[in-house]
Each structure stands twice: as C-alpha cells, then as structure tokens.
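Asker: Data file input-v1.txt (compact mmCIF, C-alpha atoms) is appended below.
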# COMPACT_ATOMS: atom_id res chain seq x y z
CA MET A 7 -41.18 -44.51 14.84
CA LYS A 8 -44.15 -43.83 12.59
CA LEU A 9 -46.62 -44.59 15.35
CA PHE A 10 -44.92 -42.40 17.92
CA LYS A 11 -44.64 -39.55 15.39
CA SER A 12 -48.36 -39.86 14.63
CA ALA A 13 -49.19 -39.66 18.34
CA ALA A 14 -46.98 -36.61 18.78
CA ILE A 15 -48.57 -34.82 15.83
CA THR A 16 -52.04 -35.64 17.15
CA ALA A 17 -51.16 -34.27 20.59
CA VAL A 18 -49.81 -31.04 19.09
CA MET A 19 -52.94 -30.59 16.96
CA VAL A 20 -55.17 -31.06 20.02
CA LEU A 21 -53.20 -28.41 21.90
CA ILE A 22 -53.38 -26.00 18.95
CA THR A 23 -57.11 -26.57 18.52
CA THR A 24 -57.74 -26.04 22.22
CA ALA A 25 -55.69 -22.85 22.23
CA LEU A 26 -57.68 -21.49 19.30
CA MET A 27 -60.97 -22.21 21.05
CA VAL A 28 -60.03 -20.56 24.36
CA PRO A 29 -61.25 -16.96 24.47
CA THR A 30 -58.63 -14.27 24.97
CA GLN A 31 -60.67 -11.26 26.06
CA ALA A 32 -61.23 -12.50 29.61
CA GLN A 33 -59.42 -15.11 31.63
CA ALA A 34 -62.03 -16.02 34.24
CA HIS A 35 -65.00 -18.07 33.23
CA GLY A 36 -67.75 -20.27 34.56
CA VAL A 37 -71.44 -21.10 34.40
CA SER A 38 -73.69 -23.45 36.33
CA MET A 39 -73.02 -27.13 35.65
CA PHE A 40 -75.73 -28.36 38.02
CA PRO A 41 -78.46 -27.49 37.50
CA GLY A 42 -77.00 -27.22 34.00
CA SER A 43 -77.14 -23.83 32.32
CA ARG A 44 -78.43 -23.45 28.79
CA THR A 45 -74.97 -23.02 27.31
CA PHE A 46 -73.44 -25.92 29.25
CA LEU A 47 -76.21 -28.40 28.39
CA CYS A 48 -76.38 -27.26 24.75
CA TRP A 49 -72.62 -27.80 24.50
CA GLN A 50 -73.06 -31.30 25.89
CA ASP A 51 -76.01 -31.91 23.57
CA GLY A 52 -74.18 -30.98 20.39
CA LEU A 53 -70.57 -32.02 20.98
CA ARG A 54 -69.56 -34.89 18.72
CA ASP A 55 -66.56 -37.22 18.93
CA ASN A 56 -64.72 -35.30 16.19
CA GLY A 57 -65.06 -32.01 18.09
CA GLN A 58 -67.86 -30.55 15.99
CA ILE A 59 -70.98 -29.13 17.64
CA ILE A 60 -74.17 -30.30 15.91
CA PRO A 61 -77.11 -30.04 18.32
CA TYR A 62 -79.85 -32.61 18.69
CA ASN A 63 -82.02 -30.44 20.91
CA PRO A 64 -84.21 -28.06 18.82
CA ALA A 65 -83.73 -25.07 21.13
CA CYS A 66 -79.96 -25.53 21.04
CA ALA A 67 -80.09 -26.01 17.25
CA ALA A 68 -82.02 -22.76 16.86
CA ALA A 69 -79.45 -20.93 18.98
CA VAL A 70 -76.62 -22.29 16.82
CA GLN A 71 -78.49 -21.30 13.67
CA GLN A 72 -78.79 -17.76 15.02
CA SER A 73 -75.29 -17.19 16.39
CA GLY A 74 -73.13 -20.13 15.29
CA THR A 75 -71.13 -22.54 17.43
CA THR A 76 -68.60 -20.06 18.86
CA PRO A 77 -70.74 -19.37 21.97
CA LEU A 78 -70.93 -23.11 22.72
CA TYR A 79 -67.20 -23.65 22.31
CA ASN A 80 -67.07 -20.92 24.97
CA TRP A 81 -70.02 -22.17 27.03
CA PHE A 82 -68.26 -20.99 30.20
CA ALA A 83 -67.92 -17.34 29.09
CA VAL A 84 -71.34 -15.76 29.71
CA LEU A 85 -69.82 -12.71 31.36
CA ARG A 86 -69.51 -8.97 31.65
CA SER A 87 -66.16 -7.46 32.52
CA ASP A 88 -68.00 -4.40 33.86
CA GLY A 89 -70.68 -6.25 35.85
CA ALA A 90 -69.63 -5.07 39.32
CA GLY A 91 -72.49 -6.93 41.01
CA ARG A 92 -75.19 -5.03 39.13
CA THR A 93 -78.49 -6.64 38.13
CA SER A 94 -81.71 -4.75 37.35
CA GLY A 95 -81.02 -1.48 35.55
CA PHE A 96 -77.73 -2.80 34.19
CA ILE A 97 -78.82 -5.92 32.29
CA PRO A 98 -82.15 -5.30 30.52
CA ASP A 99 -85.19 -7.49 31.05
CA GLY A 100 -85.29 -10.19 28.39
CA GLN A 101 -81.48 -10.33 28.24
CA ILE A 102 -80.78 -11.84 31.66
CA CYS A 103 -79.61 -15.24 30.42
CA SER A 104 -77.01 -13.68 28.11
CA GLY A 105 -75.81 -11.08 30.61
CA GLY A 106 -76.94 -8.39 28.19
CA THR A 107 -74.98 -7.72 25.02
CA GLY A 108 -71.72 -6.32 26.36
CA GLY A 109 -69.75 -9.56 26.79
CA PRO A 110 -67.02 -11.04 24.61
CA TYR A 111 -69.41 -13.43 22.83
CA ASP A 112 -72.95 -13.19 21.49
CA PHE A 113 -75.14 -15.28 23.80
CA SER A 114 -78.35 -13.43 22.90
CA ALA A 115 -79.81 -16.57 21.29
CA TYR A 116 -79.91 -18.15 24.76
CA ASN A 117 -82.53 -15.62 25.88
CA ALA A 118 -85.09 -17.24 23.58
CA VAL A 119 -88.49 -18.00 25.08
CA ARG A 120 -88.89 -21.72 24.36
CA SER A 121 -90.31 -24.75 26.12
CA ASP A 122 -87.75 -27.20 24.73
CA TRP A 123 -84.48 -26.16 26.37
CA PRO A 124 -82.73 -29.07 28.16
CA LEU A 125 -84.36 -29.66 31.55
CA THR A 126 -83.10 -30.70 34.97
CA HIS A 127 -85.73 -32.55 37.03
CA LEU A 128 -85.86 -31.56 40.71
CA THR A 129 -87.94 -31.87 43.88
CA ALA A 130 -89.12 -28.77 45.75
CA GLY A 131 -87.72 -28.40 49.27
CA ARG A 132 -84.89 -30.84 48.69
CA THR A 133 -81.22 -30.03 49.33
CA ILE A 134 -79.04 -30.36 46.25
CA GLN A 135 -75.36 -29.85 45.51
CA MET A 136 -75.03 -26.90 43.20
CA ARG A 137 -72.00 -26.97 40.90
CA HIS A 138 -70.47 -24.04 39.05
CA SER A 139 -67.61 -24.31 36.58
CA ASN A 140 -64.25 -23.02 37.79
CA TRP A 141 -62.81 -22.73 34.28
CA ALA A 142 -60.77 -19.95 35.82
CA LYS A 143 -60.60 -19.62 39.62
CA HIS A 144 -61.29 -16.39 41.47
CA PRO A 145 -62.69 -15.40 44.85
CA GLY A 146 -66.24 -14.14 45.03
CA SER A 147 -69.87 -14.84 45.81
CA PHE A 148 -72.58 -16.81 44.08
CA ASN A 149 -76.09 -15.40 44.39
CA TYR A 150 -78.84 -17.66 43.13
CA TYR A 151 -82.44 -16.91 42.28
CA ILE A 152 -85.53 -18.76 41.10
CA THR A 153 -88.60 -17.65 39.20
CA LYS A 154 -91.58 -16.78 41.37
CA ASN A 155 -94.71 -18.88 41.48
CA GLY A 156 -97.03 -17.68 38.75
CA TRP A 157 -94.29 -16.30 36.48
CA ASN A 158 -95.05 -16.49 32.78
CA PRO A 159 -92.69 -18.97 31.04
CA ASN A 160 -94.04 -17.83 27.66
CA ALA A 161 -92.65 -14.30 28.03
CA PRO A 162 -89.09 -12.93 28.22
CA LEU A 163 -87.50 -13.35 31.65
CA LYS A 164 -87.63 -10.15 33.75
CA TRP A 165 -85.83 -9.25 36.97
CA SER A 166 -89.22 -8.92 38.64
CA ASP A 167 -89.84 -12.62 37.85
CA LEU A 168 -86.94 -13.67 40.10
CA GLU A 169 -86.63 -14.09 43.85
CA PRO A 170 -83.40 -14.95 45.72
CA PHE A 171 -83.09 -18.23 47.60
CA GLY A 172 -79.45 -18.33 48.64
CA SER A 173 -75.88 -17.12 48.44
CA VAL A 174 -72.42 -18.54 49.12
CA THR A 175 -68.96 -16.98 49.24
CA ASN A 176 -65.73 -18.71 48.20
CA PRO A 177 -67.07 -22.29 48.15
CA PRO A 178 -64.67 -25.24 47.73
CA ASP A 179 -63.92 -26.75 44.32
CA THR A 180 -63.07 -30.17 42.96
CA GLY A 181 -59.76 -29.44 41.29
CA PRO A 182 -57.67 -27.27 39.00
CA ALA A 183 -59.14 -24.69 36.64
CA GLY A 184 -59.41 -25.17 32.91
CA ALA A 185 -61.29 -28.48 32.85
CA LEU A 186 -64.67 -29.81 33.98
CA ASN A 187 -63.92 -29.13 37.63
CA TYR A 188 -66.34 -27.00 39.60
CA TYR A 189 -67.15 -25.08 42.75
CA TYR A 190 -69.79 -26.83 44.84
CA TRP A 191 -72.08 -26.08 47.76
CA ASN A 192 -75.35 -27.36 49.19
CA ALA A 193 -78.54 -25.38 48.63
CA THR A 194 -82.07 -26.10 49.78
CA LEU A 195 -84.57 -25.60 46.99
CA PRO A 196 -87.65 -23.53 47.86
CA SER A 197 -90.73 -25.50 48.84
CA GLY A 198 -94.04 -25.05 47.07
CA LYS A 199 -92.55 -25.07 43.57
CA THR A 200 -94.19 -27.12 40.82
CA GLY A 201 -93.74 -27.33 37.08
CA ARG A 202 -91.21 -25.38 35.03
CA HIS A 203 -88.94 -22.71 36.49
CA ILE A 204 -85.61 -21.01 35.81
CA ILE A 205 -82.76 -20.93 38.33
CA PHE A 206 -80.50 -17.92 37.72
CA THR A 207 -76.98 -17.86 39.19
CA HIS A 208 -74.91 -14.67 39.41
CA TRP A 209 -71.19 -15.08 40.17
CA ILE A 210 -69.71 -11.82 41.46
CA ARG A 211 -65.92 -11.71 41.59
CA SER A 212 -64.48 -9.93 44.59
CA ASP A 213 -61.13 -9.15 42.94
CA SER A 214 -62.46 -7.41 39.82
CA ASN A 215 -65.70 -6.11 38.25
CA GLU A 216 -66.09 -9.24 36.11
CA ASN A 217 -69.41 -11.10 36.65
CA PHE A 218 -70.90 -14.29 35.23
CA TYR A 219 -74.50 -15.29 34.51
CA SER A 220 -76.31 -18.63 34.20
CA CYS A 221 -79.89 -19.56 33.35
CA SER A 222 -80.81 -23.17 34.17
CA ASP A 223 -84.15 -24.58 33.05
CA VAL A 224 -85.64 -26.89 35.68
CA VAL A 225 -88.89 -28.68 36.32
CA PHE A 226 -90.19 -29.58 39.78
CA ASP A 227 -91.71 -33.00 39.25
CA GLY A 228 -90.19 -35.11 42.05
CA GLY A 229 -86.96 -35.63 40.08
CA ASN A 230 -83.51 -36.36 41.46
CA GLY A 231 -81.42 -34.28 39.08
CA GLU A 232 -82.10 -36.23 35.90
CA VAL A 233 -81.53 -34.29 32.68
CA THR A 234 -83.72 -34.63 29.61
CA GLY A 235 -83.47 -32.99 26.21
CA VAL A 236 -79.75 -33.69 25.75
CA GLY A 237 -78.21 -36.00 23.16
CA PRO A 238 -79.70 -38.29 20.52
CA GLY A 239 -81.73 -40.26 23.07
CA GLY A 240 -82.83 -37.27 25.12
CA SER A 241 -86.51 -36.46 25.35
CA GLN A 242 -87.36 -33.18 23.70
CA SER A 243 -90.69 -32.78 25.52
CA PRO A 244 -91.04 -30.38 28.46
CA ASP A 245 -93.71 -32.64 29.95
CA PRO A 246 -92.74 -33.07 33.62
CA THR A 247 -94.16 -36.61 33.72
CA ILE A 248 -91.26 -37.92 31.60
CA THR A 249 -89.33 -40.69 33.30
CA PRO A 250 -85.62 -40.27 32.46
CA THR A 251 -83.87 -43.38 31.19
CA THR A 252 -80.29 -42.43 32.05
CA GLN A 253 -78.65 -43.47 35.29
CA PRO A 254 -75.97 -41.68 37.31
CA GLY A 255 -72.44 -43.02 36.96
CA ALA A 256 -73.02 -44.90 33.69
CA CYS A 257 -70.49 -45.02 30.88
CA THR A 258 -69.74 -46.74 27.58
CA ALA A 259 -66.46 -47.30 25.75
CA THR A 260 -65.83 -47.70 22.02
CA TRP A 261 -62.64 -49.01 20.44
CA LYS A 262 -61.00 -48.28 17.09
CA ALA A 263 -57.66 -48.81 15.38
CA THR A 264 -56.21 -45.44 14.28
CA ASP A 265 -52.96 -46.51 12.56
CA THR A 266 -52.38 -49.91 10.96
CA GLY A 267 -49.53 -49.08 8.59
CA TRP A 268 -46.77 -50.94 10.43
CA ALA A 269 -46.79 -54.74 10.13
CA GLY A 270 -47.10 -56.42 13.51
CA HIS A 271 -48.04 -53.18 15.23
CA PHE A 272 -51.05 -50.90 15.39
CA GLN A 273 -52.31 -47.87 17.24
CA GLY A 274 -55.62 -47.90 19.08
CA GLU A 275 -57.94 -45.35 20.60
CA VAL A 276 -60.79 -45.78 23.09
CA THR A 277 -63.53 -43.19 23.64
CA VAL A 278 -65.23 -43.15 27.04
CA ARG A 279 -68.68 -41.53 27.10
CA ASN A 280 -70.72 -40.61 30.16
CA THR A 281 -74.24 -41.86 29.43
CA GLY A 282 -75.52 -41.03 32.91
CA SER A 283 -77.17 -37.94 34.35
CA SER A 284 -74.34 -36.93 36.72
CA ALA A 285 -70.60 -36.44 36.29
CA LEU A 286 -68.32 -39.48 36.29
CA ASN A 287 -65.77 -39.37 39.08
CA GLY A 288 -63.38 -41.89 37.59
CA TRP A 289 -63.75 -44.68 35.04
CA SER A 290 -62.30 -48.07 34.17
CA VAL A 291 -62.36 -49.85 30.79
CA LYS A 292 -61.80 -53.59 30.40
CA TRP A 293 -61.48 -55.92 27.43
CA THR A 294 -59.92 -59.26 26.53
CA TYR A 295 -57.49 -59.89 23.66
CA SER A 296 -57.74 -63.29 21.98
CA GLY A 297 -54.92 -62.97 19.42
CA GLY A 298 -51.86 -62.44 21.58
CA GLN A 299 -51.86 -58.64 21.27
CA GLY A 300 -49.87 -56.58 23.75
CA PHE A 301 -48.87 -53.01 24.59
CA GLU A 302 -45.81 -51.16 23.35
CA GLY A 303 -45.15 -48.66 26.09
CA ALA A 304 -47.75 -47.12 28.35
CA PRO A 305 -51.11 -45.75 27.15
CA TRP A 306 -51.55 -41.99 26.96
CA ASN A 307 -54.45 -40.34 28.83
CA GLY A 308 -54.97 -43.57 30.74
CA VAL A 309 -53.27 -45.91 33.24
CA LEU A 310 -52.73 -49.59 32.44
CA THR A 311 -53.75 -51.52 35.56
CA GLY A 312 -54.49 -54.93 34.02
CA GLN A 313 -52.10 -56.61 31.56
CA PRO A 314 -53.13 -58.49 28.37
CA PRO A 315 -54.90 -60.66 27.60
CA ASN A 316 -57.27 -59.26 30.26
CA VAL A 317 -56.75 -55.54 29.80
CA THR A 318 -57.83 -52.86 32.27
CA VAL A 319 -57.21 -49.14 31.69
CA THR A 320 -58.29 -46.57 34.26
CA ASN A 321 -58.44 -42.80 34.01
CA ALA A 322 -55.43 -40.55 34.39
CA SER A 323 -55.38 -38.03 37.22
CA TYR A 324 -56.73 -35.26 34.97
CA ASN A 325 -59.51 -36.92 32.91
CA GLY A 326 -61.48 -39.02 35.36
CA GLN A 327 -64.29 -36.51 35.66
CA VAL A 328 -66.57 -36.58 32.62
CA ALA A 329 -69.75 -34.51 32.40
CA PRO A 330 -73.08 -36.09 31.32
CA ASN A 331 -72.90 -36.88 27.57
CA GLY A 332 -69.26 -35.79 27.61
CA THR A 333 -66.38 -37.88 26.34
CA THR A 334 -62.70 -38.45 26.92
CA THR A 335 -60.25 -40.64 25.02
CA PHE A 336 -57.10 -42.62 25.64
CA GLY A 337 -54.74 -44.19 23.15
CA PHE A 338 -51.96 -46.75 22.95
CA ASN A 339 -49.38 -48.39 20.71
CA ALA A 340 -49.89 -52.14 20.43
CA THR A 341 -48.09 -55.22 19.20
CA GLY A 342 -49.73 -57.92 17.12
CA SER A 343 -52.43 -57.76 14.48
CA VAL A 344 -55.53 -55.58 14.71
CA PRO A 345 -58.25 -57.61 16.47
CA ASN A 346 -60.99 -58.73 14.10
CA PRO A 347 -63.70 -58.53 15.27
CA PRO A 348 -62.88 -55.64 17.66
CA PRO A 349 -62.93 -56.60 21.34
CA THR A 350 -66.00 -56.01 23.47
CA LEU A 351 -65.33 -53.23 25.96
CA THR A 352 -66.85 -52.81 29.41
CA CYS A 353 -66.85 -49.40 31.08
CA THR A 354 -67.54 -48.91 34.79
CA SER A 355 -67.44 -45.93 37.14
CA PRO A 356 -67.02 -46.00 40.92
Hey, can you dump this file as structure tokens for me?

Answerer:
Amino acid sequence: MKLFKSAAITAVMVLITTALMVPTQAQAHGVSMFPGSRTFLCWQDGLRDNGQIIPYNPACAAAVQQSGTTPLYNWFAVLRSDGAGRTSGFIPDGQICSGGTGGPYDFSAYNAVRSDWPLTHLTAGRTIQMRHSNWAKHPGSFNYYITKNGWNPNAPLKWSDLEPFGSVTNPPDTGPAGALNYYYWNATLPSGKTGRHIIFTHWIRSDSNENFYSCSDVVFDGGNGEVTGVGPGGSQSPDPTITPTTQPGACTATWKATDTGWAGHFQGEVTVRNTGSSALNGWSVKWTYSGGQGFEGAPWNGVLTGQPPNVTVTNASYNGQVAPNGTTTFGFNATGSVPNPPPTLTCTSP
C-alpha cells in the first residue's frame, strides 16, 4: 500500500503545482512553437527535470534575471485582452515582442535587442509548417510578418521594420488544448532573405478582443528548421554557418528507482527527453531485466507493450508529443530487487 499511496500523493502534487502555474486572468493562450518564439524556446532551454527553470542561453538568463521565471512558466500567455486586432499605434515600437505592457504578465524582458536569442535555421523561399500553441482553443486568424531586408537587428524592433507574408483563418490543430498541441498550416517563406530576421505572428481571436503576439528569431542560412541556442549543448553563437548537431525525432530515456522501502518491491520512474530539433510524435522505451523483476499493475503515463524480461513501454494517448528539449515521465510499481546496475534504456520515436 505504501507504494500506491506514494504514487497517489505524487499525482496530487503534480496537479496542484500545475494549477498554481496556470494563469487565471485569461483563459486563451498561445505563441508560435515553430518557428519557436522567444518565450517558448527560453522555456525549453531552462526547464529542468525537477520543474525549475534555470536557463542555459544567456539571453534567456538575462530575461529571467530581469523579470523572474513567472513569464516562462506562462510562455503561452503573451497577450492583450484589449488587442482587438490593433498593431501600430496600439503597441509601441520596441515593445512588439511583449505585446506592450498591458498583459497579465511582464514579458518586457523579451523585447531586448540581443544577438544570442535561440535561433531557428531556415531557407528562403521554402514552404514550412508553421505551428502555434493551442493552449486554449478559439476561432480567429493568424497574421504573420517578417523583418524587411536591411532592417537593423541592433535596434529595437519597430512596426515599420515588418512586412506581412501571409495569413490563415481557423487552421486545423493536432489535439486538445492545454498541452503541447498546436494549430498548423503551411506557409511559403519569402525569397531573397539572408542572415538574421524576426518572424512576428499575431493571433487575432474572432470571438473576443483578446490577441496574442510572438517574436521568433530566425536565420536564413539554408537550414531545415534546426534550432540552436537551446539547452546545455546548444550553440550560443548567432553565426549562421553553425551546423546543428541535433536530429529530428531523437529521444533519450533515463531510469531511476523512486521508492525502495518495501522488501521485494520498488517503484521506478523513466524520463523521456526529446533531444531532436522537432516535436516527437510518439515514443517507445525498451530495456531488459536480468534479475527476474516484473511489474505490479500497469505503468502510469505509459502503456506496457512488451513484458519482462524484455520490457517495452510506449506513450499514453496524451503524452506522446514532446517538444524539442522537453520531457515527459512514466512510472511503475515493480516486483523484485532494484536492478544494480540500472538497465540500459533505448528510446525511439516513429
């Protein structure tokens, strides 16, 4: 009973923590996930396995030093409840990335003029799939802009620096709100772009005056959507000649025993991390027991598809999609002694 009680307490604490982190002023949220906005990529950069946000990227670290971690726990809430589709004359120049200063959280640090924000590497003229968080789902239009050729990246972003290159209304999405699901649509990037630019996305709700704002730092260097400047191994240089080392669809899994206080039984937890440059769309973790260990009941947050000694656990219906550098966990009650040494885990994604 001790193990099941521990799992129940853990689940309750996760729910309480999540509830405390969810903003209450507005119920609709979302920023660009690809190309990743500053708040989304800084959240990915700093999020640790224990839930803390401690950035690796220097631009993200400076933003946290200025305004704390609350904006990153609410990375999806760069909004104005009184936006009503307005742009120039409503949000001042130099405050475009934060949506001004009238939102529920202080995102002003994300207006900083810096060359070391996380970067998405793109190719001019290519068609990409744009992705925008549907943290809360509402009808509306997405207008997207890009900085003009010759804009000054060493000065605050102005409305006159931006030119539109597309719009979409009520695009499809990948799943329910409140997770890492997203709206998606194809967009053709402007030709003739080289070097660093900013893509600005403006989500205009059609059922209220609430609007959302995203600044995504990109570099046109022949890239295929690779992201640099995120995580402990991310390059911090804005040099567009960097060759990214991450691959799409890559993942790792780490194993630990979380409760060993009951003889002949233990509780385990596995953390799945997306080490690639695009979202995982499902994952599978395998390992082999050599000491006769088994499962006591079904895992939580995972599906047991291969029985011991050759164990396979795949994602549940709600946690198969993991953003780049993001993590998810599953746990289980087990019979037998804690493996020593721990088993070697293999993580794969379709």

Asker: Take the point (-66.7, -20.8, 47.4) in the file's coordinates, draw a sphere of radius 8 Å around it, and report as an NGL selection string every protein, DNA or RNA residue with an atom inside or on it, counting only C-alpha atoms.

Answerer: :A and (145-148 or 174-179 or 189-191)

Asker: Would you work out the distance separating CA of Cys66 (chain A) from CA of Val236 (chain A), expressed in Å to one decimal?

Answerer: 9.4 Å

Asker: Might you pull out every residue within 10 Å of Arg132 (chain A), with all atoms listed in the file counted and same-chain residues fewer than 3 positions away left off, and present them as a ChimeraX atom specification?

Answerer: /A:128-129,193-197,228,230

Asker: For Gln72 (chain A), which residue out of A:Ser139, A:Ser114, A:Thr281, A:Asn346 is the nearest one, using only C-alpha atoms?

Answerer: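 Of A:Ser139, A:Ser114, A:Thr281, A:Asn346, the one nearest Gln72 (chain A), counting only C-alpha atoms, is A:Ser114.
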
Asker: Select, from A:Thr260, A:Asn187, A:Ser38, A:Asn331, the residue with the minimum atom-to-atom distance to Val233 (chain A), counting all atoms listed in the file.

Answerer: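 Smallest distance to Val233 (chain A) is found for A:Asn331.
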
Asker: Enclose region 98-112 of chain A, meaning all of its atoms listed in the file, in a box aligned along x, y and z, pad it by 3 Å on each side, and list the centre and edge lengths in Å to one decimal, as JSON.

Answerer:
{"center_x": -76.2, "center_y": -10.3, "center_z": 26.6, "size_x": 24.3, "size_y": 15.9, "size_z": 16.2}

Asker: At what distance in Å, to one decimal, does CA of Tyr116 (chain A) lie from CA of Cys103 (chain A)?

Answerer: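 Value for the CA of Cys103 (chain A)-CA of Tyr116 (chain A) distance: 6.4 Å.
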
Asker: Using only C-alpha atoms, which of the listed residues (A:Leu85, A:Asp122, A:Gly36, A:Ala90) sits closest to Ala67 (chain A)?

Answerer: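 That would be A:Asp122, the residue with the smallest distance to Ala67 (chain A).
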
Asker: I'd like to know which of A:Gly270, A:Gly326, A:Gly42, A:Gly312 is closest to Arg137 (chain A), using only C-alpha atoms.

Answerer: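 Closest residue, counting only C-alpha atoms: A:Gly42.
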
Asker: If I take CA of Ser355 (chain A) and CA of Gly300 (chain A), how far is one from the other in Å, to one decimal?

Answerer: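 Between CA of Ser355 (chain A) and CA of Gly300 (chain A) the gap is 24.5 Å.
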
Asker: Considering all atoms listed in the file, state which residue in the set A:Leu186, A:Leu163, A:Ala259, A:Leu168 is at the smallest distance from Gln50 (chain A).

Answerer: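 Smallest distance to Gln50 (chain A) is found for A:Leu186.
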
Asker: Which residue is closest to Thr133 (chain A)? Choose from A:Asn160, A:Asn192, A:Asn280, A:Ser166 and count all atoms listed in the file.

Answerer: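 Between A:Asn160, A:Asn192, A:Asn280, A:Ser166, the residue approaching Thr133 (chain A) most closely is A:Asn192.
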
Asker: Which residues come within 10 Å of Gly91 (chain A), counting all atoms listed in the file, excluding same-chain residues fewer than 3 positions away, as a count of residues only?

Answerer: 13
